[in-house]
Every structure is written in C-alpha cells, then in structure tokens.
file target_28.cif (mmCIF, C-alpha atoms)
data_protein
loop_
_atom_site.label_atom_id
_atom_site.label_comp_id
_atom_site.auth_asym_id
_atom_site.auth_seq_id
_atom_site.Cartn_x
_atom_site.Cartn_y
_atom_site.Cartn_z
CA MET A 182 119.02 94.80 118.84
CA SER A 183 115.22 94.43 118.76
CA ASN A 184 113.14 94.44 115.55
CA MET A 185 111.77 97.85 116.55
CA GLU A 186 115.28 99.29 116.88
CA GLN A 187 116.28 97.79 113.52
CA VAL A 188 113.24 99.31 111.78
CA ALA A 189 113.83 102.69 113.47
CA LEU A 190 117.47 102.76 112.38
CA GLY A 191 116.57 101.43 108.92
CA ILE A 192 114.28 104.36 108.10
CA ASN A 193 116.92 106.95 109.02
CA GLY A 194 117.88 108.96 105.95
CA LYS A 195 116.48 110.52 102.79
CA TRP A 196 114.04 108.72 100.52
CA LYS A 197 112.32 109.29 97.19
CA GLN A 198 109.21 107.58 95.88
CA ASP A 199 109.54 104.86 93.23
CA HIS A 200 106.39 105.53 91.18
CA ALA A 201 106.75 102.27 89.23
CA GLN A 202 106.05 100.23 92.37
CA ASN A 203 103.19 102.29 93.84
CA GLU A 204 99.70 100.81 94.05
CA ASN A 205 96.50 102.92 94.27
CA TYR A 206 98.53 106.13 94.65
CA ASP A 207 95.93 108.21 92.77
CA LEU A 208 93.28 107.00 95.23
CA PHE A 209 95.58 107.97 98.14
CA LEU A 210 95.94 111.52 96.76
CA ARG A 211 92.20 111.79 95.99
CA GLU A 212 91.21 110.70 99.50
CA HIS A 213 93.55 113.37 100.86
CA GLY A 214 91.47 115.91 98.92
CA MET A 215 93.77 116.66 95.97
CA GLY A 216 92.06 117.71 92.77
CA TRP A 217 92.15 115.77 89.51
CA PHE A 218 94.59 118.09 87.70
CA LEU A 219 97.20 118.11 90.49
CA ARG A 220 96.95 114.32 90.90
CA LYS A 221 97.50 113.78 87.17
CA MET A 222 100.46 116.19 87.10
CA ILE A 223 102.10 114.35 90.03
CA GLN A 224 101.70 111.02 88.29
CA TRP A 225 102.51 112.15 84.75
CA LEU A 226 105.64 114.06 85.77
CA LYS A 227 106.47 111.49 88.47
CA ILE A 228 106.78 114.28 91.03
CA SER A 229 108.38 112.87 94.14
CA PRO A 230 109.82 115.21 96.75
CA VAL A 231 112.59 113.93 98.96
CA GLU A 232 111.30 112.66 102.30
CA GLU A 233 113.65 112.45 105.28
CA TYR A 234 113.34 110.53 108.54
CA ILE A 235 115.59 111.30 111.49
CA VAL A 236 115.28 108.86 114.40
CA ASN A 237 116.71 109.78 117.78
CA GLY A 238 115.52 107.33 120.44
CA ASP A 239 111.71 107.60 120.59
CA GLN A 240 111.72 110.89 118.65
CA ILE A 241 111.09 110.76 114.90
CA THR A 242 111.45 113.87 112.77
CA TYR A 243 109.87 113.75 109.32
CA ARG A 244 110.79 116.29 106.64
CA ASN A 245 109.19 116.63 103.21
CA TYR A 246 111.09 118.76 100.70
CA ALA A 247 108.21 119.45 98.26
CA ASN A 248 109.02 123.12 98.82
CA GLU A 249 112.83 123.17 99.01
CA HIS A 250 112.84 126.75 100.36
CA ARG A 251 110.44 125.88 103.17
CA PRO A 252 110.34 122.12 103.83
CA PHE A 253 107.54 120.67 105.94
CA GLU A 254 108.79 119.27 109.25
CA MET A 255 107.18 117.51 112.19
CA THR A 256 108.66 115.77 115.19
CA GLN A 257 106.77 113.13 117.13
CA THR A 258 107.45 110.96 120.11
CA VAL A 259 106.53 107.33 119.43
CA GLY A 260 103.70 106.14 121.68
CA GLN A 261 102.54 109.62 122.71
CA PRO A 262 99.11 111.23 122.07
CA PRO A 263 98.42 112.66 118.58
CA ILE A 264 99.89 116.00 117.50
CA THR A 265 98.15 118.44 115.17
CA VAL A 266 100.07 119.69 112.13
CA PHE A 267 99.25 121.59 108.94
CA MET A 268 100.73 120.24 105.72
CA GLU A 269 100.46 122.15 102.45
CA ASN A 270 98.08 120.41 99.97
CA PHE A 271 96.86 118.06 102.74
CA GLY A 272 95.49 120.53 105.31
CA SER A 273 95.24 120.07 109.06
CA LEU A 274 96.13 116.60 110.32
CA GLN A 275 96.24 114.80 113.66
CA VAL A 276 99.18 112.39 113.64
CA GLN A 277 100.15 109.64 116.08
CA THR A 278 102.95 107.08 115.75
CA TYR A 279 103.41 103.88 117.74
CA TRP A 280 104.81 100.34 117.51
CA ASP A 281 102.31 97.53 116.90
CA GLU A 282 102.53 94.04 118.39
CA TYR A 283 104.56 92.86 115.35
CA GLY A 284 107.28 95.50 115.77
CA ARG A 285 106.07 97.61 112.82
CA LEU A 286 105.98 101.37 112.97
CA VAL A 287 102.36 102.53 112.61
CA THR A 288 101.25 106.09 111.86
CA ARG A 289 97.59 107.08 112.27
CA THR A 290 96.63 110.27 110.48
CA ARG A 291 93.20 111.76 111.11
CA LYS A 292 91.61 114.51 109.07
CA ASP A 293 88.11 115.62 108.18
CA VAL A 294 87.66 112.88 105.52
CA GLY A 295 88.59 110.05 107.90
CA GLU A 296 91.59 108.14 109.16
CA PHE A 297 94.63 106.88 107.26
CA ILE A 298 96.59 104.05 108.92
CA GLN A 299 100.12 103.52 107.61
CA THR A 300 102.50 100.69 108.44
CA GLY A 301 106.10 100.81 107.32
CA ARG A 302 108.88 98.31 106.82
CA ILE A 303 112.20 97.98 105.04
CA ASP A 304 112.01 95.20 102.43
CA SER A 305 114.75 92.73 101.46
CA LYS A 306 116.06 95.15 98.77
CA GLY A 307 116.45 98.00 101.29
CA MET A 308 113.40 99.88 99.99
CA MET A 309 110.88 101.42 102.37
CA GLU A 310 107.44 99.96 101.83
CA LEU A 311 104.50 101.91 103.24
CA THR A 312 101.07 100.28 103.26
CA ILE A 313 98.22 102.70 103.93
CA LEU A 314 94.66 101.75 104.84
CA LEU A 315 92.55 104.58 103.38
CA PRO A 316 89.30 105.94 104.88
CA SER A 317 87.39 104.17 102.06
CA GLY A 318 88.72 100.82 103.33
CA LYS A 319 90.99 100.37 100.29
CA ARG A 320 94.77 100.03 100.48
CA CYS A 321 97.56 102.06 98.92
CA ARG A 322 101.19 100.99 98.70
CA ARG A 323 104.03 103.48 98.40
CA VAL A 324 107.62 102.34 97.83
CA LEU A 325 110.53 104.66 98.53
CA LYS A 326 114.20 104.22 97.67
CA ARG A 327 117.19 105.83 99.35
CA VAL A 328 118.70 108.92 97.77
#

call {"tool": "encode", "arguments": {"input": "target_28.cif", "output": "structure tokens"}}
result
Amino acid sequence: MSNMEQVALGINGKWKQDHAQNENYDLFLREHGMGWFLRKMIQWLKISPVEEYIVNGDQITYRNYANEHRPFEMTQTVGQPPITVFMENFGSLQVQTYWDEYGRLVTRTRKDVGEFIQTGRIDSKGMMELTILLPSGKRCRRVLKRV
C-alpha cells in the first residue's frame, strides 16, 4: 500500500479538534473573516464541531457538523480542478485537493482574502495534524482526534 493510500485510509472517520494543541487558531479564524466576538466564544467555550472524512478511491467527502440539523458537505475528486462551495461563517470558497510530491494530501482554498494551503497527516499518536499556510504568510496548526 502506498503512502498516499495509507494517508487516505487514515483520515477516514469522524474527528474533533483538540484545542490544547492548536497553534495560531485565532489568526486562522480572523483571516477567514470571523469577528472578534465569535472567535473568542469559539476559543473560550472550546467549540469544536465534529468533522468527518469519507474516502472512496479518489473521491473525498468532507462533512462538518457545526449545524447538526443541516451539516455542511462537499465531495471532491483528488487532482481535479477547484470546486466552488459556500460554507456558513466562511462564505464562498474555491477548493482543490491533490497529492504533493511527498505523498501528503494538500487542500488549496481560495476566497476573497487570499489563499489558504493546508497539508494533512496522521501523526504517531493517531491524531490528524493539519498545517495551514494563511494568506498573511503565517502558519496555523490544527490537531484533531478521533471521536
């Protein structure tokens, strides 16, 4: 099994953010256009909706359960041109996913404020580590654990 297949199978499932291990998360939310009050509430209350990844070959479906009655869902084909989606609190986004030369899954998200480039991996403890290059040039790190 290739590294790409291992990563793809490793992200399958439901995940929840581990706020204690995040780095620059407030900056990530701010650069997505979230206001001060909402950002502080998310951090103070440690709001972390369940995120789900379903991998089926080259198709990846992402679900975010921030609104449990109407979860956000998008399906992409790895290596295909960007798709346009609308995500509540984040607005309209162009999203493209592909494998880089190191076998990491890369997601490029473009919106009016610039481009966010996210690489993901499963660490030695089985946690999902997402490193995001923000439009400002700074980095954010999100860590998710299985639920």

call {"tool": "resolve_selection", "arguments": {"input": "target_28.cif", "expression": "the PyMOL selection byres ((chain A and resi 256-264) around 8)", "output": "PyMOL selection string"}}
result
chain A and resi 239-243+254-255+265-266+275-280

call {"tool": "residues_around", "arguments": {"input": "target_28.cif", "residues": "Val231 (chain A)", "least_positions_apart": "6", "cutoff": "9 Å", "atoms": "all atoms listed in the file", "output": "list of chain:residue names"}}
result
A:Lys195, A:Trp196, A:Lys197, A:Gln198, A:Arg244, A:Asn245, A:Tyr246, A:Ala247, A:Val328

call {"tool": "closest_residue", "arguments": {"input": "target_28.cif", "among": "A:Phe297, A:His213, A:Met309, A:Phe253", "to": "Gly272 (chain A)", "atoms": "only C-alpha atoms"}}
result
A:His213

call {"tool": "atom_distance", "arguments": {"input": "target_28.cif", "atom1": "CA of Lys292 (chain A)", "atom2": "CA of Pro316 (chain A)"}}
result
9.8 Å

call {"tool": "closest_residue", "arguments": {"input": "target_28.cif", "among": "A:Met268, A:Lys227, A:Gln187, A:Arg320", "to": "Leu208 (chain A)", "atoms": "only C-alpha atoms"}}
result
A:Arg320

call {"tool": "residues_around", "arguments": {"input": "target_28.cif", "residues": "Gly194 (chain A)", "least_positions_apart": "3", "cutoff": "10 Å", "atoms": "all atoms listed in the file", "output": "PyMOL selection string"}}
result
chain A and resi 190-191+232-236+243+327-328

call {"tool": "atom_distance", "arguments": {"input": "target_28.cif", "atom1": "CA of His200 (chain A)", "atom2": "CA of Ile303 (chain A)"}}
result
16.8 Å

call {"tool": "residues_around", "arguments": {"input": "target_28.cif", "residues": "Gln202 (chain A)", "least_positions_apart": "3", "cutoff": "10 Å", "atoms": "only C-alpha atoms", "output": "PyMOL selection string"}}
result
chain A and resi 198-199+206+310+322-325

call {"tool": "residues_around", "arguments": {"input": "target_28.cif", "residues": "Arg302 (chain A)", "least_positions_apart": "6", "cutoff": "9 Å", "atoms": "all atoms listed in the file", "output": "MDAnalysis selection string"}}
result
chainID A and resid 188 191:192 285:286 308:312

call {"tool": "resolve_selection", "arguments": {"input": "target_28.cif", "expression": "the PyMOL selection byres ((chain A and resi 318) around 12)", "output": "list in words"}}
result
Leu208, Phe209, Glu212, Gly295, Glu296, Phe297, Ile298, Ile313, Leu314, Leu315, Pro316, Ser317, Lys319, Arg320 and Cys321 of chain A

call {"tool": "closest_residue", "arguments": {"input": "target_28.cif", "among": "A:Asn203, A:Thr290, A:Lys306, A:Gly301", "to": "Phe267 (chain A)", "atoms": "only C-alpha atoms"}}
result
A:Thr290

call {"tool": "closest_residue", "arguments": {"input": "target_28.cif", "among": "A:Glu186, A:Arg251, A:Val294, A:Val287", "to": "Ser273 (chain A)", "atoms": "all atoms listed in the file"}}
result
A:Val294

call {"tool": "atom_distance", "arguments": {"input": "target_28.cif", "atom1": "CA of Gly307 (chain A)", "atom2": "CA of Lys326 (chain A)"}}
result
7.5 Å

call {"tool": "residues_near_point", "arguments": {"input": "target_28.cif", "point": "(102.0, 113.4, 94.0)", "cutoff": "8 Å", "atoms": "only C-alpha atoms", "output": "list of chain:residue names"}}
result
A:Leu210, A:Leu219, A:Arg220, A:Met222, A:Ile223, A:Gln224, A:Lys227, A:Ile228, A:Ser229

call {"tool": "decode", "arguments": {"input": "target_28.cif", "residues": "region 232-257 of chain A", "atoms": "C-alpha atoms", "output": "short mmCIF file (atom, residue, chain, number, x, y, z; two decimals), in the first residue's frame"}}
result
data_model
loop_
_atom_site.label_atom_id
_atom_site.label_comp_id
_atom_site.auth_asym_id
_atom_site.auth_seq_id
_atom_site.Cartn_x
_atom_site.Cartn_y
_atom_site.Cartn_z
CA GLU A 232 -15.64 16.82 11.16
CA GLU A 233 -15.97 13.69 9.04
CA TYR A 234 -13.90 12.46 6.10
CA ILE A 235 -15.15 9.67 3.85
CA VAL A 236 -12.60 8.42 1.32
CA ASN A 237 -13.74 6.30 -1.60
CA GLY A 238 -10.93 5.92 -4.15
CA ASP A 239 -10.11 9.43 -5.42
CA GLN A 240 -13.35 10.87 -4.00
CA ILE A 241 -13.20 12.59 -0.61
CA THR A 242 -16.38 13.72 1.11
CA TYR A 243 -15.96 16.21 3.95
CA ARG A 244 -18.78 16.87 6.42
CA ASN A 245 -18.80 19.49 9.18
CA TYR A 246 -21.49 19.08 11.83
CA ALA A 247 -21.44 22.66 13.23
CA ASN A 248 -25.17 22.68 12.46
CA GLU A 249 -26.28 19.16 13.37
CA HIS A 250 -29.66 19.64 11.63
CA ARG A 251 -28.01 20.73 8.38
CA PRO A 252 -24.36 19.65 8.21
CA PHE A 253 -22.08 21.18 5.59
CA GLU A 254 -20.95 18.64 2.99
CA MET A 255 -18.68 18.75 -0.03
CA THR A 256 -17.30 16.00 -2.23
CA GLN A 257 -14.15 16.45 -4.28
#
